[in-house]
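K.L.:
Just so it is clear, I am handing over structure.cif, which has mmCIF, C-alpha atoms.
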```cif
data_work
loop_
_atom_site.group_PDB
_atom_site.id
_atom_site.type_symbol
_atom_site.label_atom_id
_atom_site.label_comp_id
_atom_site.auth_asym_id
_atom_site.auth_seq_id
_atom_site.Cartn_x
_atom_site.Cartn_y
_atom_site.Cartn_z
ATOM 1 C CA GLY A 1 0.000 0.000 0.000
ATOM 2 C CA GLN A 2 2.779 2.432 0.871
ATOM 3 C CA ALA A 3 4.591 1.670 -2.396
ATOM 4 C CA VAL A 4 1.442 2.416 -4.418
ATOM 5 C CA SER A 5 0.925 5.634 -2.447
ATOM 6 C CA ARG A 6 4.468 6.789 -3.219
ATOM 7 C CA ALA A 7 4.029 5.887 -6.892
ATOM 8 C CA LEU A 8 0.829 7.957 -7.112
ATOM 9 C CA GLY A 9 2.421 11.063 -5.588
ATOM 10 C CA ASP A 10 -0.234 13.736 -4.992
ATOM 11 C CA ARG A 11 -2.742 11.595 -6.966
ATOM 12 C CA SER A 12 -3.222 14.316 -9.542
ATOM 13 C CA SER A 13 -5.278 13.386 -12.636
ATOM 14 C CA ILE A 14 -6.280 9.917 -11.430
ATOM 15 C CA ARG A 15 -9.830 8.614 -11.570
ATOM 16 C CA ARG A 16 -9.791 8.089 -7.772
ATOM 17 C CA PHE A 17 -12.715 5.617 -7.690
ATOM 18 C CA GLY A 18 -12.733 2.072 -8.990
ATOM 19 C CA SER A 19 -14.976 -0.961 -8.739
ATOM 20 C CA ALA A 20 -15.216 -4.434 -10.191
ATOM 21 C CA THR A 21 -17.454 -7.463 -9.968
ATOM 22 C CA VAL A 22 -15.675 -10.692 -10.833
ATOM 23 C CA PRO A 23 -17.236 -14.128 -11.287
ATOM 24 C CA MET A 24 -15.066 -17.235 -11.191
ATOM 25 C CA ASP A 25 -16.743 -20.624 -11.279
ATOM 26 C CA GLU A 26 -19.114 -20.687 -8.272
ATOM 27 C CA ALA A 27 -17.515 -17.643 -6.631
ATOM 28 C CA CYS A 28 -18.350 -13.989 -7.280
ATOM 29 C CA ALA A 29 -16.959 -10.942 -5.477
ATOM 30 C CA ILE A 30 -17.300 -7.186 -5.731
ATOM 31 C CA CYS A 31 -14.638 -4.665 -4.791
ATOM 32 C CA ALA A 32 -14.946 -0.889 -4.549
ATOM 33 C CA ILE A 33 -12.044 1.491 -3.890
ATOM 34 C CA ASP A 34 -11.780 5.210 -3.169
ATOM 35 C CA LEU A 35 -8.247 6.613 -3.113
ATOM 36 C CA SER A 36 -9.440 9.169 -0.583
ATOM 37 C CA GLY A 37 -6.348 9.436 1.579
ATOM 38 C CA ARG A 38 -8.366 7.948 4.456
ATOM 39 C CA ALA A 39 -7.803 4.339 5.487
ATOM 40 C CA CYS A 40 -10.894 2.183 5.844
ATOM 41 C CA SER A 41 -11.276 -1.502 5.075
ATOM 42 C CA VAL A 42 -14.601 -3.318 5.007
ATOM 43 C CA TRP A 43 -14.400 -7.087 4.534
ATOM 44 C CA ARG A 44 -17.662 -8.993 4.038
ATOM 45 C CA VAL A 45 -16.230 -12.331 2.985
ATOM 46 C CA ALA A 46 -17.240 -15.529 4.766
ATOM 47 C CA MET A 47 -14.659 -18.292 4.540
ATOM 48 C CA PRO A 48 -16.050 -21.817 4.788
ATOM 49 C CA ARG A 49 -12.648 -23.143 5.956
ATOM 50 C CA THR A 50 -9.648 -21.710 7.763
ATOM 51 C CA LYS A 51 -6.954 -23.140 5.456
ATOM 52 C CA VAL A 52 -6.114 -23.533 1.789
ATOM 53 C CA GLY A 53 -3.314 -26.053 1.950
ATOM 54 C CA GLU A 54 -0.945 -24.461 4.469
ATOM 55 C CA PHE A 55 -2.262 -20.905 3.881
ATOM 56 C CA ASP A 56 -4.392 -19.400 6.670
ATOM 57 C CA SER A 57 -7.438 -17.988 4.877
ATOM 58 C CA GLU A 58 -7.784 -15.205 7.468
ATOM 59 C CA LEU A 59 -4.549 -13.688 6.112
ATOM 60 C CA ALA A 60 -6.433 -12.494 3.016
ATOM 61 C CA GLU A 61 -8.419 -10.064 5.151
ATOM 62 C CA VAL A 62 -5.231 -9.009 6.956
ATOM 63 C CA PHE A 63 -3.566 -8.240 3.608
ATOM 64 C CA PHE A 64 -6.420 -6.023 2.398
ATOM 65 C CA GLU A 65 -6.652 -4.163 5.717
ATOM 66 C CA ALA A 66 -2.895 -3.490 5.705
ATOM 67 C CA PHE A 67 -3.013 -2.402 2.056
ATOM 68 C CA ALA A 68 -5.835 0.072 2.737
ATOM 69 C CA ARG A 69 -3.966 1.455 5.730
ATOM 70 C CA GLY A 70 -0.681 1.759 3.814
ATOM 71 C CA LEU A 71 -2.236 3.403 0.751
ATOM 72 C CA GLY A 72 -4.783 5.493 2.607
ATOM 73 C CA CYS A 73 -7.830 4.273 0.742
ATOM 74 C CA THR A 74 -11.353 3.120 1.398
ATOM 75 C CA LEU A 75 -11.595 -0.516 0.336
ATOM 76 C CA HIS A 76 -14.767 -2.600 0.359
ATOM 77 C CA LEU A 77 -14.734 -6.294 -0.523
ATOM 78 C CA ARG A 78 -17.893 -8.364 -0.521
ATOM 79 C CA LEU A 79 -18.380 -11.988 -1.475
ATOM 80 C CA LEU A 80 -21.633 -12.504 -3.341
ATOM 81 C CA GLU A 81 -21.273 -16.280 -3.778
ATOM 82 C CA GLY A 82 -18.663 -18.923 -3.126
ATOM 83 C CA ASN A 83 -17.975 -22.363 -1.685
ATOM 84 C CA SER A 84 -14.329 -23.089 -2.498
ATOM 85 C CA VAL A 85 -11.947 -21.149 -0.238
ATOM 86 C CA HIS A 86 -9.373 -21.182 -3.047
ATOM 87 C CA HIS A 87 -11.875 -19.581 -5.447
ATOM 88 C CA ILE A 88 -13.086 -17.108 -2.814
ATOM 89 C CA ILE A 89 -9.593 -15.790 -2.119
ATOM 90 C CA GLU A 90 -8.677 -15.725 -5.807
ATOM 91 C CA VAL A 91 -11.833 -13.874 -6.867
ATOM 92 C CA CYS A 92 -11.289 -11.283 -4.108
ATOM 93 C CA PHE A 93 -7.760 -10.566 -5.331
ATOM 94 C CA LYS A 94 -8.914 -10.362 -8.955
ATOM 95 C CA ALA A 95 -11.757 -7.959 -8.134
ATOM 96 C CA PHE A 96 -9.333 -5.878 -6.061
ATOM 97 C CA ALA A 97 -6.780 -5.718 -8.881
ATOM 98 C CA LEU A 98 -9.349 -4.605 -11.439
ATOM 99 C CA ALA A 99 -10.848 -1.985 -9.110
ATOM 100 C CA LEU A 100 -7.404 -0.629 -8.247
ATOM 101 C CA ARG A 101 -6.432 -0.475 -11.921
ATOM 102 C CA GLU A 102 -9.512 1.640 -12.597
ATOM 103 C CA ALA A 103 -8.923 3.951 -9.620
ATOM 104 C CA VAL A 104 -5.272 4.707 -10.444
ATOM 105 C CA ALA A 105 -5.905 5.224 -14.166
ATOM 106 C CA VAL A 106 -5.184 8.665 -15.516
ATOM 107 C CA ASP A 107 -8.368 10.547 -16.392
ATOM 108 C CA PRO A 108 -7.605 12.712 -19.421
ATOM 109 C CA ARG A 109 -10.476 15.057 -18.468
ATOM 110 C CA ALA A 110 -9.224 15.600 -14.919
ATOM 111 C CA VAL A 111 -7.262 18.660 -13.943
ATOM 112 C CA GLY A 112 -5.381 18.410 -10.659
ATOM 113 C CA VAL A 113 -6.386 16.320 -7.683
ATOM 114 C CA PRO A 114 -9.917 14.829 -7.783
ATOM 115 C CA SER A 115 -11.031 16.327 -4.470
ATOM 116 C CA THR A 116 -12.946 19.393 -3.387
ATOM 117 C CA LYS A 117 -10.383 19.735 -0.560
ATOM 118 C CA GLY A 118 -7.526 19.867 -3.067
ATOM 119 C CA THR A 119 -5.701 16.905 -1.543
ATOM 120 C CA LEU A 120 -6.040 13.128 -1.339
ATOM 121 C CA THR A 121 -3.119 12.479 0.963
ATOM 122 C CA GLU A 122 -3.072 12.442 4.741
#
```
Any chance you could put this one into structure tokens?
P.N.:
Amino acid sequence: GQAVSRALGDRSSIRRFGSATVPMDEACAICAIDLSGRACSVWRVAMPRTKVGEFDSELAEVFFEAFARGLGCTLHLRLLEGNSVHHIIEVCFKAFALALREAVAVDPRAVGVPSTKGTLTE
């Protein structure tokens, strides 16, 4: 999260908001991001098991919370459907990646920082 924040600088000319809904087999997740400069993570993803192989499934939530805190963004992840823990985690990361790609994209119509306050950094 901190690396992305440094790469974005003052966040001038970015879209700021991004969202994605991703289906994968029986799993479907939605992710919404606001590069607001304020850290908030909302995780509404029920895991039917605690492990995928040796990986603790609860670490997925920990990753997203730490990313939101490091970047200073509002990040919502919600699982709409899913049974396989492997698919649930994978679809969350894919939805996140697509939403982030949209939010950091340069908006050719934007002038300056997309905020009425004039800043998107803490």
K.L.:
Between A:Leu79, A:Val106, A:Val85, A:Gly70, which is the closest to Val45 of chain A once you count only C-alpha atoms?
P.N.:
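Distance minimum relative to Val45 of chain A lands on A:Leu79.
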K.L.:
Just the number, please: distance in Å from atom CA of Ser5 of chain A to atom CA of Val62 of chain A, one decimal.
P.N.:
18.5 Å
K.L.:
Do you have the atom CA of Trp43 of chain A-atom CA of Leu8 of chain A distance handy?
P.N.:
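We find that atom CA of Trp43 of chain A and atom CA of Leu8 of chain A lie 24.4 Å from each other.
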K.L.:
To one decimal place in Å, what is the distance between atom CA of Glu61 of chain A and atom CA of His76 of chain A?
P.N.:
10.9 Å
K.L.:
Determine the nearest neighbour of Ile89 of chain A from the options A:Ala29, A:Leu71, A:Val111, A:Ala103, counting all atoms listed in the file.
P.N.:
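Nearest candidate to Ile89 of chain A out of A:Ala29, A:Leu71, A:Val111, A:Ala103: A:Ala29.
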K.L.:
Nearest residue to Ser57 of chain A out of A:Arg44, A:Arg69, A:His86, A:Arg101, using only C-alpha atoms?
P.N.:
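Looking only at the distances to Ser57 of chain A, the closest residue turns out to be A:His86.
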K.L.:
Smallest atom-to-atom distance to Cys28 of chain A: which of A:Ala97, A:Val4, A:Ile14, A:Cys92, using only C-alpha atoms?
P.N.:
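Between A:Ala97, A:Val4, A:Ile14, A:Cys92, the residue approaching Cys28 of chain A most closely is A:Cys92.
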K.L.:
Can you turn the PyMOL selection byres ((chain A and resi 73) around 7) into a concrete residue list for this file, as a ChimeraX atom specification?
P.N.:
/A:33-40,68-69,71-72,74-75
K.L.:
With distances taken over all atoms listed in the file, which residue among A:Leu98, A:Ile30, A:Val104, A:Val91 lies nearest Ser13 of chain A?
P.N.:
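Counting all atoms listed in the file, the residue closest to Ser13 of chain A is A:Val104.
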K.L.:
For segment 68-84 of chain A, what centre and edge lengths in Å (one decimal) does the axis-aligned box get once 8 Å is added on each side of all its listed atoms, as AutoDock Vina command-line options?
P.N.:
```
--center_x -11.2 --center_y -8.8 --center_z 1.0 --size_x 37.0 --size_y 44.6 --size_z 25.5
```
K.L.:
Ranking A:Val42, A:Asn83, A:Phe64, A:Lys94 by minimum distance to Asp25 of chain A and counting only C-alpha atoms, which one comes first?
P.N.:
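Looking at the shortest contact to Asp25 of chain A, the residue is A:Asn83.
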K.L.:
Evaluated on this file, the PyMOL selection byres ((chain A and resi 48) around 8) picks out some residues - which ones are they, written as an NGL selection string?
P.N.:
:A and (46-47 or 49-50 or 83-85)
K.L.:
Within 7 Å of (-21.7, -16.5, -3.8), in the coordinates the file gives, what residues turn up when you count all atoms listed in the file, written out as a ChimeraX atom specification?
P.N.:
/A:26-28,79-82
